[in-house]
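To be precise, the following lines are upload.pdb, and they hold PDB, C-alpha atoms and all ligand atoms.
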MODEL        1
ATOM      1  CA  MET A   1      11.905 -19.514  79.039
ATOM      2  CA  ARG A   2      15.239 -20.541  77.675
ATOM      3  CA  LEU A   3      18.205 -18.496  78.369
ATOM      4  CA  HIS A   4      20.746 -17.976  75.677
ATOM      5  CA  PRO A   5      24.301 -17.105  76.368
ATOM      6  CA  PRO A   6      25.158 -13.586  75.310
ATOM      7  CA  ALA A   7      26.082 -13.507  71.654
ATOM      8  CA  GLN A   8      29.763 -13.434  71.085
ATOM      9  CA  PRO A   9      31.048 -11.344  68.250
ATOM     10  CA  SER A  10      32.301 -13.873  65.746
ATOM     11  CA  PRO A  11      35.849 -13.387  64.669
ATOM     12  CA  ARG A  12      35.997 -11.794  61.234
ATOM     13  CA  SER A  13      38.776 -11.525  58.833
ATOM     14  CA  PRO A  14      40.175  -8.027  58.421
ATOM     15  CA  ARG A  15      39.060  -8.071  54.730
ATOM     16  CA  ALA A  16      35.394  -8.705  55.508
ATOM     17  CA  THR A  17      35.172  -5.989  58.129
ATOM     18  CA  ARG A  18      36.455  -3.277  55.806
ATOM     19  CA  PRO A  19      33.314  -1.244  55.057
ATOM     20  CA  GLY A  20      34.851   0.081  51.838
ATOM     21  CA  THR A  21      35.084  -3.363  50.246
ATOM     22  CA  LEU A  22      31.562  -4.334  51.299
ATOM     23  CA  GLY A  23      30.179  -1.072  50.018
ATOM     24  CA  ILE A  24      31.818  -1.473  46.647
ATOM     25  CA  ILE A  25      30.529  -5.044  46.257
ATOM     26  CA  LEU A  26      27.019  -3.983  47.255
ATOM     27  CA  ALA A  27      27.073  -1.047  44.858
ATOM     28  CA  ALA A  28      28.288  -3.293  42.045
ATOM     29  CA  VAL A  29      25.473  -5.795  42.646
ATOM     30  CA  LEU A  30      22.857  -3.029  42.728
ATOM     31  CA  LEU A  31      24.212  -1.516  39.536
ATOM     32  CA  LEU A  32      24.143  -4.899  37.800
ATOM     33  CA  VAL A  33      20.560  -5.650  38.851
ATOM     34  CA  GLY A  34      19.422  -2.141  37.958
ATOM     35  CA  GLY A  35      21.149  -2.328  34.619
ATOM     36  CA  LEU A  36      19.461  -5.628  33.762
ATOM     37  CA  LEU A  37      16.043  -4.219  34.669
ATOM     38  CA  LEU A  38      16.633  -1.244  32.399
ATOM     39  CA  VAL A  39      17.956  -3.278  29.488
ATOM     40  CA  ALA A  40      15.423  -6.123  29.513
ATOM     41  CA  PRO A  41      12.328  -4.232  28.211
ATOM     42  CA  GLU A  42      14.385  -2.612  25.463
ATOM     43  CA  ARG A  43      15.599  -5.972  24.224
ATOM     44  CA  ALA A  44      12.045  -7.304  24.215
ATOM     45  CA  GLY A  45      10.897  -4.298  22.168
ATOM     46  CA  ALA A  46      13.682  -4.756  19.652
ATOM     47  CA  ALA A  47      12.690  -8.390  19.096
ATOM     48  CA  ALA A  48       9.069  -7.407  18.474
ATOM     49  CA  ASP A  49      10.176  -4.961  15.793
ATOM     50  CA  THR A  50      12.341  -7.339  13.801
ATOM     51  CA  VAL A  51      12.453  -6.396  10.102
ATOM     52  CA  ILE A  52      13.463  -9.220   7.774
ATOM     53  CA  SER A  53      13.762  -7.148   4.594
ATOM     54  CA  THR A  54      16.619  -4.867   5.607
ATOM     55  CA  GLY A  55      19.649  -5.231   3.351
ATOM     56  CA  LYS A  56      18.053  -7.956   1.205
ATOM     57  CA  PRO A  57      18.514  -7.985  -2.607
ATOM     58  CA  ALA A  58      16.023  -5.657  -4.283
ATOM     59  CA  THR A  59      14.974  -5.000  -7.855
ATOM     60  CA  ALA A  60      12.466  -2.693  -9.509
ATOM     61  CA  SER A  61      10.669  -2.215 -12.805
ATOM     62  CA  SER A  62      12.592   1.028 -13.308
ATOM     63  CA  VAL A  63      14.509   3.808 -11.568
ATOM     64  CA  GLU A  64      14.189   7.525 -12.075
ATOM     65  CA  SER A  65      18.012   7.722 -11.993
ATOM     66  CA  SER A  66      20.992   5.939 -10.444
ATOM     67  CA  SER A  67      20.474   8.094  -7.334
ATOM     68  CA  TYR A  68      17.272   6.180  -6.476
ATOM     69  CA  PRO A  69      18.011   2.444  -6.669
ATOM     70  CA  ALA A  70      15.616  -0.224  -5.407
ATOM     71  CA  LYS A  71      17.899  -1.109  -2.498
ATOM     72  CA  TYR A  72      17.332   2.313  -0.933
ATOM     73  CA  ALA A  73      13.861   1.201   0.159
ATOM     74  CA  PHE A  74      15.460  -1.584   2.219
ATOM     75  CA  ASP A  75      18.463   0.153   3.785
ATOM     76  CA  ALA A  76      16.834   1.194   7.099
ATOM     77  CA  ASN A  77      17.695   4.796   6.218
ATOM     78  CA  SER A  78      14.690   7.123   6.154
ATOM     79  CA  ALA A  79      16.572   9.722   4.099
ATOM     80  CA  THR A  80      17.184   7.509   1.048
ATOM     81  CA  ARG A  81      14.530   6.241  -1.378
ATOM     82  CA  TRP A  82      13.694   4.290  -4.458
ATOM     83  CA  ALA A  83      12.014   6.235  -7.251
ATOM     84  CA  SER A  84      10.609   4.815 -10.460
ATOM     85  CA  ALA A  85      10.610   6.363 -13.921
ATOM     86  CA  GLU A  86       8.176   9.264 -14.004
ATOM     87  CA  GLY A  87       4.771   9.205 -15.604
ATOM     88  CA  VAL A  88       4.514   5.452 -16.308
ATOM     89  CA  ASP A  89       2.093   2.803 -14.930
ATOM     90  CA  PRO A  90       2.458   0.147 -13.713
ATOM     91  CA  GLN A  91       5.694   0.018 -11.683
ATOM     92  CA  TRP A  92       6.913  -2.442  -9.089
ATOM     93  CA  LEU A  93       9.518  -2.812  -6.358
ATOM     94  CA  ARG A  94      10.584  -6.253  -5.204
ATOM     95  CA  VAL A  95      12.721  -7.786  -2.451
ATOM     96  CA  ASP A  96      14.143 -11.288  -2.046
ATOM     97  CA  LEU A  97      13.837 -12.283   1.614
ATOM     98  CA  GLY A  98      16.321 -15.123   1.068
ATOM     99  CA  ALA A  99      13.979 -17.854   2.335
ATOM    100  CA  THR A 100      10.261 -18.481   2.613
ATOM    101  CA  ALA A 101       8.813 -16.281   5.338
ATOM    102  CA  THR A 102       5.388 -15.781   6.851
ATOM    103  CA  VAL A 103       4.650 -12.090   6.519
ATOM    104  CA  SER A 104       2.415 -10.538   9.179
ATOM    105  CA  ARG A 105       3.063  -6.862   8.569
ATOM    106  CA  VAL A 106       4.385  -4.546   5.859
ATOM    107  CA  LYS A 107       5.096  -0.883   6.487
ATOM    108  CA  LEU A 108       5.427   1.419   3.471
ATOM    109  CA  THR A 109       6.804   4.945   3.767
ATOM    110  CA  TRP A 110       5.988   6.971   0.666
ATOM    111  CA  GLU A 111       7.781   9.994  -0.646
ATOM    112  CA  ALA A 112       5.669  12.806  -2.173
ATOM    113  CA  ALA A 113       5.411  10.605  -5.276
ATOM    114  CA  TYR A 114       2.976   8.067  -3.820
ATOM    115  CA  ALA A 115       0.747   5.373  -5.255
ATOM    116  CA  LYS A 116      -2.999   5.883  -5.311
ATOM    117  CA  VAL A 117      -3.670   2.287  -6.306
ATOM    118  CA  TYR A 118      -1.284  -0.516  -5.461
ATOM    119  CA  ARG A 119      -1.121  -3.990  -4.017
ATOM    120  CA  VAL A 120       1.385  -5.915  -1.920
ATOM    121  CA  GLU A 121       2.093  -9.450  -3.120
ATOM    122  CA  VAL A 122       4.213 -12.422  -2.095
ATOM    123  CA  SER A 123       5.619 -15.269  -4.145
ATOM    124  CA  ASP A 124       7.614 -18.441  -3.630
ATOM    125  CA  ASP A 125       9.200 -18.438  -7.081
ATOM    126  CA  GLY A 126       9.105 -14.804  -8.212
ATOM    127  CA  THR A 127       6.625 -15.717 -10.951
ATOM    128  CA  THR A 128       3.287 -16.564  -9.349
ATOM    129  CA  TRP A 129       2.108 -13.843  -6.988
ATOM    130  CA  THR A 130      -0.464 -13.817  -4.184
ATOM    131  CA  ARG A 131      -2.039 -10.551  -3.081
ATOM    132  CA  ILE A 132      -1.888  -9.870   0.673
ATOM    133  CA  ALA A 133      -2.830  -6.179   0.738
ATOM    134  CA  ASN A 134      -4.785  -3.951  -1.637
ATOM    135  CA  GLU A 135      -5.050  -0.156  -1.698
ATOM    136  CA  THR A 136      -7.467   1.587  -4.030
ATOM    137  CA  ALA A 137      -7.521   5.089  -2.529
ATOM    138  CA  GLY A 138      -4.003   5.679  -1.237
ATOM    139  CA  ASN A 139      -3.008   9.111   0.003
ATOM    140  CA  GLY A 140       0.727   8.616   0.618
ATOM    141  CA  GLY A 141       2.505   9.044   3.918
ATOM    142  CA  THR A 142       2.864   5.803   5.873
ATOM    143  CA  ASP A 143       0.816   2.710   5.065
ATOM    144  CA  ASP A 144       1.221   0.210   7.880
ATOM    145  CA  TRP A 145      -0.421  -3.078   6.888
ATOM    146  CA  SER A 146      -0.764  -5.425   9.844
ATOM    147  CA  GLY A 147      -2.616  -8.670  10.497
ATOM    148  CA  LEU A 148      -1.407 -10.088   7.186
ATOM    149  CA  THR A 149      -1.057 -13.790   6.523
ATOM    150  CA  GLY A 150       1.216 -13.924   3.494
ATOM    151  CA  ARG A 151       3.834 -16.544   2.882
ATOM    152  CA  GLY A 152       6.632 -16.417   0.343
ATOM    153  CA  ARG A 153      10.273 -15.737  -0.355
ATOM    154  CA  TYR A 154       9.672 -12.674  -2.527
ATOM    155  CA  LEU A 155       7.565  -9.633  -1.756
ATOM    156  CA  ARG A 156       6.664  -6.818  -4.113
ATOM    157  CA  VAL A 157       4.774  -3.553  -4.115
ATOM    158  CA  TYR A 158       2.909  -3.284  -7.409
ATOM    159  CA  GLY A 159       1.607   0.157  -8.288
ATOM    160  CA  THR A 160      -1.026   0.608 -10.965
ATOM    161  CA  ALA A 161      -2.064   4.251 -10.503
ATOM    162  CA  ARG A 162       0.141   7.125  -9.351
ATOM    163  CA  GLY A 163      -1.051   9.801  -6.977
ATOM    164  CA  THR A 164       0.874  12.477  -8.853
ATOM    165  CA  SER A 165       2.225  13.064 -12.347
ATOM    166  CA  TYR A 166       5.650  11.883 -11.127
ATOM    167  CA  GLY A 167       6.580   8.261 -10.504
ATOM    168  CA  TYR A 168       6.427   5.953  -7.486
ATOM    169  CA  SER A 169       8.857   6.596  -4.656
ATOM    170  CA  LEU A 170       9.326   4.811  -1.341
ATOM    171  CA  PHE A 171      11.656   5.761   1.489
ATOM    172  CA  GLY A 172      11.165   2.381   3.072
ATOM    173  CA  VAL A 173       9.446  -0.978   2.807
ATOM    174  CA  ASP A 174       9.719  -2.867   6.103
ATOM    175  CA  VAL A 175       8.620  -6.511   6.119
ATOM    176  CA  PHE A 176       7.845  -8.188   9.453
ATOM    177  CA  PRO A 177       7.432 -11.945  10.030
ATOM    178  CA  ASP A 178       5.017 -13.574  12.434
ATOM    179  CA  LEU A 179       6.314 -14.703  15.823
ATOM    180  CA  ALA A 180       7.095 -18.337  14.977
ATOM    181  CA  ASP A 181       8.820 -17.395  11.745
ATOM    182  CA  ARG A 182      10.818 -14.656  13.430
ATOM    183  CA  CYS A 183      12.263 -17.237  15.829
ATOM    184  CA  LEU A 184      13.157 -19.442  12.871
ATOM    185  CA  HIS A 185      14.952 -16.573  11.150
ATOM    186  CA  ARG A 186      16.818 -15.738  14.334
ATOM    187  CA  ARG A 187      17.921 -19.334  14.872
ATOM    188  CA  ARG A 188      19.274 -19.420  11.357
ATOM    189  CA  GLY A 189      21.194 -16.259  12.072
ATOM    190  CA  ARG A 190      19.428 -14.072   9.543
TER     191      ARG A 190
HETATM  192 CA    CA B 201      15.613   4.285   2.627
ENDMDL
END

Once you've parsed the file, please lay out its structure as structure tokens.
Amino acid sequence: MRLHPPAQPSPRSPRATRPGTLGIILAAVLLLVGGLLLVAPERAGAAADTVISTGKPATASSVESSSYPAKYAFDANSATRWASAEGVDPQWLRVDLGATATVSRVKLTWEAAYAKVYRVEVSDDGTTWTRIANETAGNGGTDDWSGLTGRGRYLRVYGTARGTSYGYSLFGVDVFPDLADRCLHRRRGR
């Protein structure tokens, strides 16, 4: 058995021995770590919910009045809406995503004036359209189309039969890209 000399208290600087300073540093480190743990999942969730249509240029076949412009379906405000002229089929609402995107999900939030029959289409040139979703028995509310595989710069909602005698009205049209495309959009700062 080896014998060790009795441990000598090492000389410490007066700063390091002040419990107040140590306590403050320790508390600061714990707060930082705790804060990062709290923030990290929220940031991940925000990335998964990226909407690429917000604030993008929008047009429509008609408006009920100047109080309901096309852009109100893309303003991330659930209180504002686009509304078409009343009593006329078909009507459409279109957004320019600014660049070709791969669309994986489109979420429509209808006002009371909903579409019974409509389709969601994408286009590269705004002229030739490809259907990515089709509704033939719509009942309004929220239509959340996921698992889509559309690709285009423009997206439109094209209504052919109204659910009421009014027009077509949407509080929001949220367009989501797929994962790879979302990264591309983020890198480009969009
Ligand atoms: Ca809105």

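For ligand CA 201 (chain B), the neighbouring protein, DNA and RNA residues, which are those within 7 Å when only C-alpha atoms and all ligand atoms are counted, are Tyr72, Ala73, Phe74, Asp75, Ala76, Asn77, Ser78, Ala79, Thr80, Arg81, Phe171 and Gly172 of chain A.
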
Distance query Gly159 in chain A at most 12 Å, all atoms listed in the file, self and fewer than 3 positions along chain excluded, as an MDAnalysis selection string: chainID A and resid 60:61 84 88:94 113:121 133:138 156 162:163 167:170

Take the PyMOL selection byres (((chain A and resi 65) around 12) and not hetatm), apply it to the structure above, and return the hits as a PyMOL selection string. chain A and resi 62-64+66-70+81-86+167+169

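Within the 12 Å cut-off around Trp145 in chain A, using only C-alpha atoms and omitting residues fewer than 4 positions from it on the same chain, the listed residues are Val103, Ser104, Arg105, Val106, Lys107, Leu108, Thr109, Arg119, Val120, Ile132, Ala133, Asn134, Glu135, Thr149, Gly150, Val173, Asp174, Val175 and Phe176 of chain A.
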
Your completed range 57-75 of chain A with N, CA and C atoms, as a PDB file, keeping the file's coordinate frame:
ATOM      1  N   PRO A  57      18.417  -8.387  -1.192  1.00  0.00           N
ATOM      2  CA  PRO A  57      18.514  -7.985  -2.607  1.00  0.00           C
ATOM      3  C   PRO A  57      17.185  -7.450  -3.136  1.00  0.00           C
ATOM      4  N   ALA A  58      17.241  -6.309  -3.799  1.00  0.00           N
ATOM      5  CA  ALA A  58      16.023  -5.657  -4.283  1.00  0.00           C
ATOM      6  C   ALA A  58      16.157  -5.321  -5.763  1.00  0.00           C
ATOM      7  N   THR A  59      15.025  -5.384  -6.449  1.00  0.00           N
ATOM      8  CA  THR A  59      14.974  -5.000  -7.855  1.00  0.00           C
ATOM      9  C   THR A  59      13.703  -4.192  -8.078  1.00  0.00           C
ATOM     10  N   ALA A  60      13.642  -3.508  -9.209  1.00  0.00           N
ATOM     11  CA  ALA A  60      12.466  -2.693  -9.509  1.00  0.00           C
ATOM     12  C   ALA A  60      12.239  -2.659 -11.009  1.00  0.00           C
ATOM     13  N   SER A  61      11.017  -2.296 -11.393  1.00  0.00           N
ATOM     14  CA  SER A  61      10.669  -2.215 -12.805  1.00  0.00           C
ATOM     15  C   SER A  61      11.457  -1.105 -13.492  1.00  0.00           C
ATOM     16  N   SER A  62      11.813  -0.071 -12.741  1.00  0.00           N
ATOM     17  CA  SER A  62      12.592   1.028 -13.308  1.00  0.00           C
ATOM     18  C   SER A  62      13.121   1.908 -12.181  1.00  0.00           C
ATOM     19  N   VAL A  63      14.071   2.777 -12.515  1.00  0.00           N
ATOM     20  CA  VAL A  63      14.509   3.808 -11.568  1.00  0.00           C
ATOM     21  C   VAL A  63      14.479   5.156 -12.276  1.00  0.00           C
ATOM     22  N   GLU A  64      14.198   6.169 -11.506  1.00  0.00           N
ATOM     23  CA  GLU A  64      14.189   7.525 -12.075  1.00  0.00           C
ATOM     24  C   GLU A  64      15.604   7.917 -12.503  1.00  0.00           C
ATOM     25  N   SER A  65      16.599   7.526 -11.660  1.00  0.00           N
ATOM     26  CA  SER A  65      18.012   7.722 -11.993  1.00  0.00           C
ATOM     27  C   SER A  65      18.819   6.826 -11.061  1.00  0.00           C
ATOM     28  N   SER A  66      20.139   6.796 -11.273  1.00  0.00           N
ATOM     29  CA  SER A  66      20.992   5.939 -10.444  1.00  0.00           C
ATOM     30  C   SER A  66      21.046   6.421  -8.995  1.00  0.00           C
ATOM     31  N   SER A  67      20.507   7.581  -8.713  1.00  0.00           N
ATOM     32  CA  SER A  67      20.474   8.094  -7.334  1.00  0.00           C
ATOM     33  C   SER A  67      19.357   7.472  -6.514  1.00  0.00           C
ATOM     34  N   TYR A  68      18.443   6.718  -7.178  1.00  0.00           N
ATOM     35  CA  TYR A  68      17.272   6.180  -6.476  1.00  0.00           C
ATOM     36  C   TYR A  68      17.089   4.687  -6.735  1.00  0.00           C
ATOM     37  N   PRO A  69      18.110   3.888  -6.391  1.00  0.00           N
ATOM     38  CA  PRO A  69      18.011   2.444  -6.669  1.00  0.00           C
ATOM     39  C   PRO A  69      16.999   1.740  -5.760  1.00  0.00           C
ATOM     40  N   ALA A  70      16.595   0.563  -6.173  1.00  0.00           N
ATOM     41  CA  ALA A  70      15.616  -0.224  -5.407  1.00  0.00           C
ATOM     42  C   ALA A  70      16.090  -0.484  -3.983  1.00  0.00           C
ATOM     43  N   LYS A  71      17.379  -0.726  -3.820  1.00  0.00           N
ATOM     44  CA  LYS A  71      17.899  -1.109  -2.498  1.00  0.00           C
ATOM     45  C   LYS A  71      17.713  -0.009  -1.448  1.00  0.00           C
ATOM     46  N   TYR A  72      17.495   1.222  -1.895  1.00  0.00           N
ATOM     47  CA  TYR A  72      17.332   2.313  -0.933  1.00  0.00           C
ATOM     48  C   TYR A  72      16.004   2.254  -0.175  1.00  0.00           C
ATOM     49  N   ALA A  73      15.102   1.394  -0.614  1.00  0.00           N
ATOM     50  CA  ALA A  73      13.861   1.201   0.159  1.00  0.00           C
ATOM     51  C   ALA A  73      14.043   0.142   1.242  1.00  0.00           C
ATOM     52  N   PHE A  74      15.220  -0.494   1.257  1.00  0.00           N
ATOM     53  CA  PHE A  74      15.460  -1.584   2.219  1.00  0.00           C
ATOM     54  C   PHE A  74      16.753  -1.369   3.007  1.00  0.00           C
ATOM     55  N   ASP A  75      17.178  -0.131   3.134  1.00  0.00           N
ATOM     56  CA  ASP A  75      18.463   0.153   3.785  1.00  0.00           C
ATOM     57  C   ASP A  75      18.307   0.704   5.201  1.00  0.00           C
TER      58      ASP A  75
END
